$ cat data02.csv   # CSV, N, CA and C atoms
chain,number,residue,atom,x,y,z
A,20,MET,N,-7.5,-12.5,0.1
A,20,MET,CA,-8.6,-11.8,0.7
A,20,MET,C,-9.8,-12.4,0.0
A,21,ALA,N,-10.8,-12.6,0.8
A,21,ALA,CA,-12.1,-13.2,0.3
A,21,ALA,C,-12.9,-12.1,-0.4
A,22,LYS,N,-13.7,-12.5,-1.4
A,22,LYS,CA,-14.6,-11.6,-2.0
A,22,LYS,C,-16.0,-11.9,-1.6
A,23,ILE,N,-16.7,-10.9,-1.2
A,23,ILE,CA,-18.0,-11.1,-0.6
A,23,ILE,C,-19.0,-10.2,-1.4
A,24,LYS,N,-20.1,-10.8,-1.8
A,24,LYS,CA,-21.2,-10.0,-2.4
A,24,LYS,C,-22.4,-10.1,-1.4
A,25,PRO,N,-22.7,-9.1,-0.6
A,25,PRO,CA,-23.7,-9.2,0.4
A,25,PRO,C,-25.1,-9.1,-0.2
A,26,MET,N,-26.0,-9.9,0.4
A,26,MET,CA,-27.4,-9.9,0.0
A,26,MET,C,-28.1,-9.7,1.3
A,27,ALA,N,-29.2,-10.5,1.5
A,27,ALA,CA,-29.9,-10.5,2.8
A,27,ALA,C,-28.9,-10.9,3.9
A,28,LEU,N,-28.2,-12.0,3.8
A,28,LEU,CA,-27.2,-12.4,4.7
A,28,LEU,C,-25.9,-12.3,4.0
A,29,ILE,N,-25.5,-13.3,3.3
A,29,ILE,CA,-24.3,-13.2,2.4
A,29,ILE,C,-24.7,-14.0,1.2
A,30,GLU,N,-24.6,-13.4,0.0
A,30,GLU,CA,-24.9,-14.0,-1.2
A,30,GLU,C,-23.8,-15.0,-1.6
A,31,SER,N,-22.6,-14.5,-1.6
A,31,SER,CA,-21.5,-15.4,-2.0
A,31,SER,C,-20.2,-15.0,-1.4
A,32,MET,N,-19.2,-15.9,-1.3
A,32,MET,CA,-17.9,-15.6,-0.8
A,32,MET,C,-16.9,-16.4,-1.7
A,33,SER,N,-15.8,-15.8,-2.0
A,33,SER,CA,-14.9,-16.5,-2.8
A,33,SER,C,-13.5,-16.0,-2.5
A,34,GLY,N,-12.5,-16.8,-2.8
A,34,GLY,CA,-11.1,-16.4,-2.6
A,34,GLY,C,-10.6,-17.1,-1.4
A,35,GLY,N,-9.4,-17.6,-1.5
A,35,GLY,CA,-8.8,-18.3,-0.3
A,35,GLY,C,-7.9,-17.4,0.5
A,36,VAL,N,-7.9,-17.6,1.7
A,36,VAL,CA,-7.0,-16.9,2.6
A,36,VAL,C,-5.9,-17.8,3.0
A,37,CYS,N,-6.2,-19.0,3.5
A,37,CYS,CA,-5.2,-19.9,3.9
A,37,CYS,C,-5.9,-21.3,4.0
A,38,GLU,N,-5.2,-22.3,4.0
A,38,GLU,CA,-5.7,-23.7,3.9
A,38,GLU,C,-5.8,-24.4,5.3
A,39,HIS,N,-5.2,-23.9,6.3
A,39,HIS,CA,-5.0,-24.7,7.5
A,39,HIS,C,-5.4,-24.0,8.8
A,40,SER,N,-6.2,-23.0,8.8
A,40,SER,CA,-6.4,-22.3,10.0
A,40,SER,C,-7.9,-21.7,10.0
A,41,ASP,N,-8.3,-21.3,11.2
A,41,ASP,CA,-9.7,-20.8,11.3
A,41,ASP,C,-9.8,-19.4,10.6
A,42,THR,N,-10.9,-19.2,9.9
A,42,THR,CA,-11.2,-18.0,9.2
A,42,THR,C,-12.0,-17.1,10.1
A,43,TYR,N,-11.8,-15.8,10.1
A,43,TYR,CA,-12.6,-14.9,10.8
A,43,TYR,C,-13.2,-13.8,9.8
A,44,PHE,N,-14.3,-13.3,10.1
A,44,PHE,CA,-14.9,-12.2,9.3
A,44,PHE,C,-15.2,-11.1,10.2
A,45,ARG,N,-15.0,-9.9,9.7
A,45,ARG,CA,-15.2,-8.7,10.5
A,45,ARG,C,-15.9,-7.6,9.6
A,46,THR,N,-17.0,-7.1,10.1
A,46,THR,CA,-17.6,-6.0,9.3
A,46,THR,C,-17.4,-4.7,10.0
A,47,ASN,N,-16.8,-3.7,9.3
A,47,ASN,CA,-16.6,-2.4,9.8
A,47,ASN,C,-17.9,-1.7,9.8
A,48,LYS,N,-18.4,-1.3,11.0
A,48,LYS,CA,-19.7,-0.7,11.1
A,48,LYS,C,-19.8,0.7,10.5
A,49,ARG,N,-18.6,1.3,10.4
A,49,ARG,CA,-18.6,2.7,9.9
A,49,ARG,C,-18.6,2.7,8.4
A,50,THR,N,-17.9,1.8,7.7
A,50,THR,CA,-17.8,1.8,6.3
A,50,THR,C,-18.6,0.7,5.6
A,51,GLY,N,-19.0,-0.3,6.4
A,51,GLY,CA,-19.8,-1.4,5.8
A,51,GLY,C,-18.9,-2.5,5.2
A,52,ARG,N,-17.6,-2.3,5.2
A,52,ARG,CA,-16.7,-3.3,4.5
A,52,ARG,C,-16.6,-4.6,5.4
A,53,VAL,N,-16.5,-5.7,4.7
A,53,VAL,CA,-16.3,-7.0,5.4
A,53,VAL,C,-14.9,-7.4,5.2
A,54,TYR,N,-14.2,-7.7,6.3
A,54,TYR,CA,-12.8,-8.2,6.2
A,54,TYR,C,-12.8,-9.7,6.7
A,55,THR,N,-11.9,-10.4,6.1
A,55,THR,CA,-11.7,-11.8,6.5
A,55,THR,C,-10.2,-12.0,6.8
A,56,GLY,N,-9.9,-13.0,7.5
A,56,GLY,CA,-8.5,-13.3,7.8
A,56,GLY,C,-8.3,-14.6,8.5
A,57,LYS,N,-7.0,-15.0,8.5
A,57,LYS,CA,-6.6,-16.2,9.2
A,57,LYS,C,-5.3,-16.0,9.9
A,58,LEU,N,-5.1,-16.6,11.0
A,58,LEU,CA,-3.8,-16.6,11.6
A,58,LEU,C,-3.1,-17.9,11.2
A,59,CYS,N,-2.1,-17.7,10.3
A,59,CYS,CA,-1.4,-18.9,9.8
A,59,CYS,C,-0.1,-19.1,10.6
A,60,ASN,N,0.1,-20.3,11.0
A,60,ASN,CA,1.4,-20.7,11.6
A,60,ASN,C,1.9,-19.7,12.7
A,61,PRO,N,1.1,-19.6,13.8
A,61,PRO,CA,1.5,-18.6,14.8
A,61,PRO,C,2.9,-19.1,15.4
A,62,TYR,N,3.7,-18.1,15.8
A,62,TYR,CA,5.0,-18.3,16.3
A,62,TYR,C,4.8,-18.8,17.8
A,63,LYS,N,5.5,-19.9,18.2
A,63,LYS,CA,5.3,-20.4,19.5
A,63,LYS,C,6.7,-20.5,20.3
A,64,GLY,N,7.7,-19.7,19.8
A,64,GLY,CA,9.0,-19.8,20.4
A,64,GLY,C,9.1,-18.7,21.5
A,65,PRO,N,10.3,-18.5,22.0
A,65,PRO,CA,10.5,-17.5,23.1
A,65,PRO,C,10.2,-16.1,22.5
A,66,VAL,N,9.8,-15.2,23.4
A,66,VAL,CA,9.4,-13.8,23.1
A,66,VAL,C,10.7,-13.0,23.1
A,67,ASP,N,10.9,-12.2,22.0
A,67,ASP,CA,12.0,-11.3,21.9
A,67,ASP,C,11.7,-10.1,22.8
A,68,PRO,N,12.7,-9.5,23.5
A,68,PRO,CA,12.5,-8.4,24.4
A,68,PRO,C,11.9,-7.2,23.7
A,69,ASP,N,12.2,-6.9,22.4
A,69,ASP,CA,11.6,-5.8,21.7
A,69,ASP,C,10.1,-6.1,21.5
A,70,VAL,N,9.7,-7.3,21.2
A,70,VAL,CA,8.3,-7.7,21.0
A,70,VAL,C,7.6,-7.5,22.4
A,71,ALA,N,8.2,-8.0,23.4
A,71,ALA,CA,7.6,-7.9,24.8
A,71,ALA,C,7.4,-6.4,25.1
A,72,ALA,N,8.3,-5.5,24.8
A,72,ALA,CA,8.2,-4.1,25.1
A,72,ALA,C,7.0,-3.5,24.3
A,73,ASN,N,6.9,-3.9,23.0
A,73,ASN,CA,5.8,-3.4,22.1
A,73,ASN,C,4.5,-3.9,22.7
A,74,ARG,N,4.4,-5.2,23.1
A,74,ARG,CA,3.2,-5.7,23.7
A,74,ARG,C,2.8,-4.9,24.9
A,75,THR,N,3.7,-4.6,25.8
A,75,THR,CA,3.5,-3.8,27.0
A,75,THR,C,3.0,-2.4,26.6
A,76,MET,N,3.6,-1.8,25.6
A,76,MET,CA,3.2,-0.5,25.2
A,76,MET,C,1.8,-0.5,24.6
A,77,PHE,N,1.5,-1.6,23.9
A,77,PHE,CA,0.2,-1.7,23.3
A,77,PHE,C,-0.9,-1.9,24.4
A,78,GLY,N,-0.6,-2.7,25.4
A,78,GLY,CA,-1.5,-2.9,26.5
A,78,GLY,C,-1.8,-1.6,27.2
A,79,THR,N,-0.7,-0.8,27.4
A,79,THR,CA,-0.9,0.5,28.1
A,79,THR,C,-1.7,1.4,27.2
A,80,ALA,N,-1.5,1.4,25.9
A,80,ALA,CA,-2.3,2.2,25.0
A,80,ALA,C,-3.8,1.8,25.1
A,81,CYS,N,-4.0,0.5,25.1
A,81,CYS,CA,-5.4,0.0,25.2
A,81,CYS,C,-6.1,0.5,26.5
A,82,ALA,N,-5.3,0.3,27.6
A,82,ALA,CA,-5.8,0.8,28.9
A,82,ALA,C,-6.1,2.3,29.0
A,83,ASN,N,-5.2,3.0,28.4
A,83,ASN,CA,-5.4,4.5,28.3
A,83,ASN,C,-6.7,4.8,27.4
A,84,ALA,N,-6.8,4.1,26.3
A,84,ALA,CA,-8.0,4.3,25.5
A,84,ALA,C,-9.3,4.0,26.2
A,85,LYS,N,-9.3,3.0,27.0
A,85,LYS,CA,-10.5,2.6,27.7
A,85,LYS,C,-10.8,3.7,28.8
A,86,ALA,N,-9.8,4.2,29.4
A,86,ALA,CA,-10.0,5.3,30.4
A,86,ALA,C,-10.5,6.5,29.8
A,87,ILE,N,-10.0,6.8,28.6
A,87,ILE,CA,-10.4,8.1,27.9
A,87,ILE,C,-11.8,7.9,27.4
A,88,LEU,N,-12.2,6.7,26.9
A,88,LEU,CA,-13.6,6.5,26.4
A,88,LEU,C,-14.6,6.6,27.6
A,89,ASN,N,-14.2,6.2,28.8
A,89,ASN,CA,-15.1,6.1,29.9
A,89,ASN,C,-15.0,7.4,30.8
A,90,ALA,N,-14.2,8.4,30.3
A,90,ALA,CA,-14.0,9.6,31.1
A,90,ALA,C,-15.3,10.4,31.2
A,91,THR,N,-15.5,11.0,32.4
A,91,THR,CA,-16.6,11.9,32.6
A,91,THR,C,-16.0,13.3,32.8
A,92,GLU,N,-16.9,14.3,32.9
A,92,GLU,CA,-16.4,15.7,33.0
A,92,GLU,C,-15.6,15.9,34.2
A,93,SER,N,-15.7,15.1,35.3
A,93,SER,CA,-14.9,15.3,36.5
A,93,SER,C,-13.5,14.9,36.3
A,94,ASP,N,-13.2,14.0,35.3
A,94,ASP,CA,-11.9,13.6,34.9
A,94,ASP,C,-11.4,14.5,33.8
A,95,THR,N,-11.0,15.7,34.1
A,95,THR,CA,-10.8,16.8,33.1
A,95,THR,C,-9.7,16.4,32.0
A,96,ALA,N,-8.6,15.8,32.4
A,96,ALA,CA,-7.6,15.5,31.5
A,96,ALA,C,-8.1,14.5,30.4
A,97,ASN,N,-8.6,13.4,30.9
A,97,ASN,CA,-9.1,12.4,29.9
A,97,ASN,C,-10.3,12.9,29.1
A,98,TYR,N,-11.2,13.7,29.8
A,98,TYR,CA,-12.3,14.2,29.1
A,98,TYR,C,-11.9,15.2,28.0
A,99,ALA,N,-10.9,16.0,28.2
A,99,ALA,CA,-10.4,16.9,27.2
A,99,ALA,C,-9.8,16.1,26.0
A,100,LYS,N,-9.1,15.0,26.3
A,100,LYS,CA,-8.5,14.2,25.3
A,100,LYS,C,-9.6,13.5,24.5
A,101,LEU,N,-10.7,13.1,25.2
A,101,LEU,CA,-11.8,12.4,24.5
A,101,LEU,C,-12.4,13.4,23.5
A,102,GLN,N,-12.7,14.7,23.9
A,102,GLN,CA,-13.3,15.6,23.0
A,102,GLN,C,-12.3,15.9,21.8
A,103,THR,N,-11.1,16.0,22.1
A,103,THR,CA,-10.1,16.3,21.0
A,103,THR,C,-10.1,15.1,20.0
A,104,TYR,N,-10.0,13.9,20.5
A,104,TYR,CA,-10.0,12.7,19.7
A,104,TYR,C,-11.3,12.5,18.9
A,105,LYS,N,-12.4,12.8,19.5
A,105,LYS,CA,-13.7,12.7,18.8
A,105,LYS,C,-13.7,13.7,17.6
A,106,ALA,N,-13.3,14.9,17.9
A,106,ALA,CA,-13.3,15.9,16.8
A,106,ALA,C,-12.4,15.5,15.6
A,107,SER,N,-11.2,15.0,16.0
A,107,SER,CA,-10.2,14.5,15.0
A,107,SER,C,-10.8,13.3,14.2
A,108,TYR,N,-11.4,12.4,15.0
A,108,TYR,CA,-12.0,11.2,14.4
A,108,TYR,C,-13.1,11.5,13.4
A,109,ASP,N,-14.0,12.4,13.8
A,109,ASP,CA,-15.1,12.8,13.0
A,109,ASP,C,-14.6,13.6,11.7
A,110,ALA,N,-13.5,14.3,11.8
A,110,ALA,CA,-13.0,15.1,10.7
A,110,ALA,C,-12.2,14.2,9.7
A,111,ASN,N,-12.0,12.9,10.1
A,111,ASN,CA,-11.3,12.0,9.2
A,111,ASN,C,-12.2,10.8,8.9
A,112,PRO,N,-13.1,10.9,7.9
A,112,PRO,CA,-14.1,9.9,7.6
A,112,PRO,C,-13.4,8.7,7.0
A,113,LYS,N,-12.2,8.8,6.5
A,113,LYS,CA,-11.6,7.7,5.8
A,113,LYS,C,-10.9,6.7,6.7
A,114,PHE,N,-10.8,7.1,8.0
A,114,PHE,CA,-10.2,6.2,9.0
A,114,PHE,C,-11.1,4.9,9.1
A,115,PRO,N,-10.5,3.7,8.8
A,115,PRO,CA,-11.4,2.6,8.7
A,115,PRO,C,-11.9,2.0,10.0
A,116,GLY,N,-11.4,2.4,11.2
A,116,GLY,CA,-11.8,1.8,12.4
A,116,GLY,C,-12.8,2.6,13.2
A,117,THR,N,-13.0,2.1,14.4
A,117,THR,CA,-13.9,2.7,15.4
A,117,THR,C,-13.1,3.8,16.1
A,118,LEU,N,-13.9,4.6,16.9
A,118,LEU,CA,-13.3,5.6,17.8
A,118,LEU,C,-12.3,5.0,18.7
A,119,TYR,N,-12.6,3.9,19.3
A,119,TYR,CA,-11.7,3.2,20.2
A,119,TYR,C,-10.3,2.9,19.5
A,120,ASN,N,-10.4,2.3,18.2
A,120,ASN,CA,-9.2,2.0,17.5
A,120,ASN,C,-8.4,3.3,17.2
A,121,PHE,N,-9.1,4.4,16.9
A,121,PHE,CA,-8.5,5.7,16.6
A,121,PHE,C,-7.7,6.1,17.8
A,122,ILE,N,-8.3,6.0,19.0
A,122,ILE,CA,-7.7,6.5,20.2
A,122,ILE,C,-6.5,5.6,20.6
A,123,VAL,N,-6.6,4.3,20.4
A,123,VAL,CA,-5.5,3.4,20.7
A,123,VAL,C,-4.3,3.7,19.8
A,124,LYS,N,-4.6,4.0,18.5
A,124,LYS,CA,-3.6,4.3,17.6
A,124,LYS,C,-2.8,5.6,18.0
A,125,LYS,N,-3.6,6.6,18.4
A,125,LYS,CA,-3.0,7.9,18.8
A,125,LYS,C,-2.2,7.7,20.1
A,126,GLU,N,-2.8,7.0,21.1
A,126,GLU,CA,-2.1,6.8,22.4
A,126,GLU,C,-0.8,5.9,22.2
A,127,TYR,N,-0.9,4.9,21.3
A,127,TYR,CA,0.3,4.1,21.1
A,127,TYR,C,1.4,4.9,20.4
A,128,ALA,N,1.0,5.8,19.5
A,128,ALA,CA,2.0,6.7,18.8
A,128,ALA,C,2.7,7.6,19.9
A,129,ALA,N,1.8,8.1,20.8
A,129,ALA,CA,2.4,9.0,21.8
A,129,ALA,C,3.3,8.2,22.8
A,130,LEU,N,3.0,7.0,23.1
A,130,LEU,CA,3.9,6.2,24.0
A,130,LEU,C,5.2,5.9,23.3
A,131,LYS,N,5.1,5.6,22.0
A,131,LYS,CA,6.2,5.2,21.2
A,131,LYS,C,7.2,6.4,21.1
A,132,GLU,N,6.6,7.6,20.9
A,132,GLU,CA,7.4,8.8,20.7
A,132,GLU,C,8.1,9.1,22.1
A,133,ALA,N,7.3,8.9,23.2
A,133,ALA,CA,7.9,9.2,24.5
A,133,ALA,C,9.0,8.2,24.8
A,134,ALA,N,9.0,7.0,24.3
A,134,ALA,CA,10.0,6.0,24.6
A,134,ALA,C,11.3,6.3,23.8
A,135,GLU,N,11.2,7.0,22.7
A,135,GLU,CA,12.4,7.2,21.9
A,135,GLU,C,13.2,8.4,22.4
$ encode --input "data02.csv" --output "structure tokens"
Amino acid sequence: MAKIKPMALIESMSGGVCEHSDTYFRTNKRTGRVYTGKLCNPYKGPVDPDVAANRTMFGTACANAKAILNATESDTANYAKLQTYKASYDANPKFPGTLYNFIVKKEYAALKEAAE
């Protein structure tokens, strides 16, 4: 993990993540923390059926989260979920992600529970 000392832009960065791949930086707007990472040696072989099922479930969770975030009062089911998720998200200030990430996490957990 890289170590960053912020100044006006960035005062310094140190620490290696990996030697052979692109580095990315992400700042969490809620906490102000800066994260870095690299995708090292990505797998390029055939996709395992369990992995494919998880990817499909994650895609569904993301689509559900977008629908919930864009819900209006006329869409009562998603609007009710949005209000519940907002209250839960606001009550948990230590959650490191955005409201969208929070909703995706909850929706994915619900889909995974329903699949079992």
$ atom_distance --input "data02.csv" --atom1 "atom C of Tyr62 of chain A" --atom2 "atom N of Thr75 of chain A"
16.3 Å
$ residues_around --input "data02.csv" --residues "Asn47 of chain A" --least-positions-apart "3" --cutoff "8 Å" --atoms "all atoms listed in the file" --output "list in words"
Phe44, Thr50, Gly51, Arg52, Val53, Tyr54, Pro115, Gly116 and Thr117 of chain A
$ atom_distance --input "data02.csv" --atom1 "atom N of Lys63 of chain A" --atom2 "atom C of Asn120 of chain A"
27.1 Å
$ residues_around --input "data02.csv" --residues "segment 78-94 of chain A" --least-positions-apart "4" --cutoff "7 Å" --atoms "only C-alpha atoms" --output "number ranges by chain"
A: 74, 98, 100-101, 119, 122-123, 126-127
$ closest_residue --input "data02.csv" --among "A:Gln102, A:Glu132, A:Ala96, A:Cys59" --to "Leu118 of chain A" --atoms "only C-alpha atoms"
A:Gln102
$ atom_distance --input "data02.csv" --atom1 "atom CA of Arg45 of chain A" --atom2 "atom CA of Asp69 of chain A"
29.2 Å
$ build_atoms --input "data02.csv" --residues "segment 54-73 of chain A" --atoms "N, CA, C and O atoms" --output "PDB file, in the frame of the given file"
ATOM      1  N   TYR A  54     -14.200  -7.700   6.300  1.00  0.00           N
ATOM      2  CA  TYR A  54     -12.800  -8.200   6.200  1.00  0.00           C
ATOM      3  C   TYR A  54     -12.800  -9.700   6.700  1.00  0.00           C
ATOM      4  O   TYR A  54     -13.509 -10.051   7.581  1.00  0.00           O
ATOM      5  N   THR A  55     -11.900 -10.400   6.100  1.00  0.00           N
ATOM      6  CA  THR A  55     -11.700 -11.800   6.500  1.00  0.00           C
ATOM      7  C   THR A  55     -10.200 -12.000   6.800  1.00  0.00           C
ATOM      8  O   THR A  55      -9.349 -11.215   6.295  1.00  0.00           O
ATOM      9  N   GLY A  56      -9.900 -13.000   7.500  1.00  0.00           N
ATOM     10  CA  GLY A  56      -8.500 -13.300   7.800  1.00  0.00           C
ATOM     11  C   GLY A  56      -8.300 -14.600   8.500  1.00  0.00           C
ATOM     12  O   GLY A  56      -9.200 -15.181   8.990  1.00  0.00           O
ATOM     13  N   LYS A  57      -7.000 -15.000   8.500  1.00  0.00           N
ATOM     14  CA  LYS A  57      -6.600 -16.200   9.200  1.00  0.00           C
ATOM     15  C   LYS A  57      -5.300 -16.000   9.900  1.00  0.00           C
ATOM     16  O   LYS A  57      -4.466 -15.246   9.359  1.00  0.00           O
ATOM     17  N   LEU A  58      -5.100 -16.600  11.000  1.00  0.00           N
ATOM     18  CA  LEU A  58      -3.800 -16.600  11.600  1.00  0.00           C
ATOM     19  C   LEU A  58      -3.100 -17.900  11.200  1.00  0.00           C
ATOM     20  O   LEU A  58      -3.391 -18.967  11.674  1.00  0.00           O
ATOM     21  N   CYS A  59      -2.100 -17.700  10.300  1.00  0.00           N
ATOM     22  CA  CYS A  59      -1.400 -18.900   9.800  1.00  0.00           C
ATOM     23  C   CYS A  59      -0.100 -19.100  10.600  1.00  0.00           C
ATOM     24  O   CYS A  59       0.706 -18.155  10.741  1.00  0.00           O
ATOM     25  N   ASN A  60       0.100 -20.300  11.000  1.00  0.00           N
ATOM     26  CA  ASN A  60       1.400 -20.700  11.600  1.00  0.00           C
ATOM     27  C   ASN A  60       1.900 -19.700  12.700  1.00  0.00           C
ATOM     28  O   ASN A  60       2.888 -19.101  12.567  1.00  0.00           O
ATOM     29  N   PRO A  61       1.100 -19.600  13.800  1.00  0.00           N
ATOM     30  CA  PRO A  61       1.500 -18.600  14.800  1.00  0.00           C
ATOM     31  C   PRO A  61       2.900 -19.100  15.400  1.00  0.00           C
ATOM     32  O   PRO A  61       3.112 -20.248  15.632  1.00  0.00           O
ATOM     33  N   TYR A  62       3.700 -18.100  15.800  1.00  0.00           N
ATOM     34  CA  TYR A  62       5.000 -18.300  16.300  1.00  0.00           C
ATOM     35  C   TYR A  62       4.800 -18.800  17.800  1.00  0.00           C
ATOM     36  O   TYR A  62       4.069 -18.173  18.554  1.00  0.00           O
ATOM     37  N   LYS A  63       5.500 -19.900  18.200  1.00  0.00           N
ATOM     38  CA  LYS A  63       5.300 -20.400  19.500  1.00  0.00           C
ATOM     39  C   LYS A  63       6.700 -20.500  20.300  1.00  0.00           C
ATOM     40  O   LYS A  63       6.774 -21.104  21.309  1.00  0.00           O
ATOM     41  N   GLY A  64       7.700 -19.700  19.800  1.00  0.00           N
ATOM     42  CA  GLY A  64       9.000 -19.800  20.400  1.00  0.00           C
ATOM     43  C   GLY A  64       9.100 -18.700  21.500  1.00  0.00           C
ATOM     44  O   GLY A  64       8.099 -18.101  21.929  1.00  0.00           O
ATOM     45  N   PRO A  65      10.300 -18.500  22.000  1.00  0.00           N
ATOM     46  CA  PRO A  65      10.500 -17.500  23.100  1.00  0.00           C
ATOM     47  C   PRO A  65      10.200 -16.100  22.500  1.00  0.00           C
ATOM     48  O   PRO A  65      10.420 -15.759  21.355  1.00  0.00           O
ATOM     49  N   VAL A  66       9.800 -15.200  23.400  1.00  0.00           N
ATOM     50  CA  VAL A  66       9.400 -13.800  23.100  1.00  0.00           C
ATOM     51  C   VAL A  66      10.700 -13.000  23.100  1.00  0.00           C
ATOM     52  O   VAL A  66      11.418 -12.932  24.052  1.00  0.00           O
ATOM     53  N   ASP A  67      10.900 -12.200  22.000  1.00  0.00           N
ATOM     54  CA  ASP A  67      12.000 -11.300  21.900  1.00  0.00           C
ATOM     55  C   ASP A  67      11.700 -10.100  22.800  1.00  0.00           C
ATOM     56  O   ASP A  67      10.588  -9.684  22.986  1.00  0.00           O
ATOM     57  N   PRO A  68      12.700  -9.500  23.500  1.00  0.00           N
ATOM     58  CA  PRO A  68      12.500  -8.400  24.400  1.00  0.00           C
ATOM     59  C   PRO A  68      11.900  -7.200  23.700  1.00  0.00           C
ATOM     60  O   PRO A  68      11.079  -6.510  24.328  1.00  0.00           O
ATOM     61  N   ASP A  69      12.200  -6.900  22.400  1.00  0.00           N
ATOM     62  CA  ASP A  69      11.600  -5.800  21.700  1.00  0.00           C
ATOM     63  C   ASP A  69      10.100  -6.100  21.500  1.00  0.00           C
ATOM     64  O   ASP A  69       9.281  -5.161  21.631  1.00  0.00           O
ATOM     65  N   VAL A  70       9.700  -7.300  21.200  1.00  0.00           N
ATOM     66  CA  VAL A  70       8.300  -7.700  21.000  1.00  0.00           C
ATOM     67  C   VAL A  70       7.600  -7.500  22.400  1.00  0.00           C
ATOM     68  O   VAL A  70       6.473  -7.030  22.425  1.00  0.00           O
ATOM     69  N   ALA A  71       8.200  -8.000  23.400  1.00  0.00           N
ATOM     70  CA  ALA A  71       7.600  -7.900  24.800  1.00  0.00           C
ATOM     71  C   ALA A  71       7.400  -6.400  25.100  1.00  0.00           C
ATOM     72  O   ALA A  71       6.339  -6.039  25.680  1.00  0.00           O
ATOM     73  N   ALA A  72       8.300  -5.500  24.800  1.00  0.00           N
ATOM     74  CA  ALA A  72       8.200  -4.100  25.100  1.00  0.00           C
ATOM     75  C   ALA A  72       7.000  -3.500  24.300  1.00  0.00           C
ATOM     76  O   ALA A  72       6.241  -2.714  24.773  1.00  0.00           O
ATOM     77  N   ASN A  73       6.900  -3.900  23.000  1.00  0.00           N
ATOM     78  CA  ASN A  73       5.800  -3.400  22.100  1.00  0.00           C
ATOM     79  C   ASN A  73       4.500  -3.900  22.700  1.00  0.00           C
ATOM     80  O   ASN A  73       3.488  -3.173  22.655  1.00  0.00           O
TER      81      ASN A  73
END
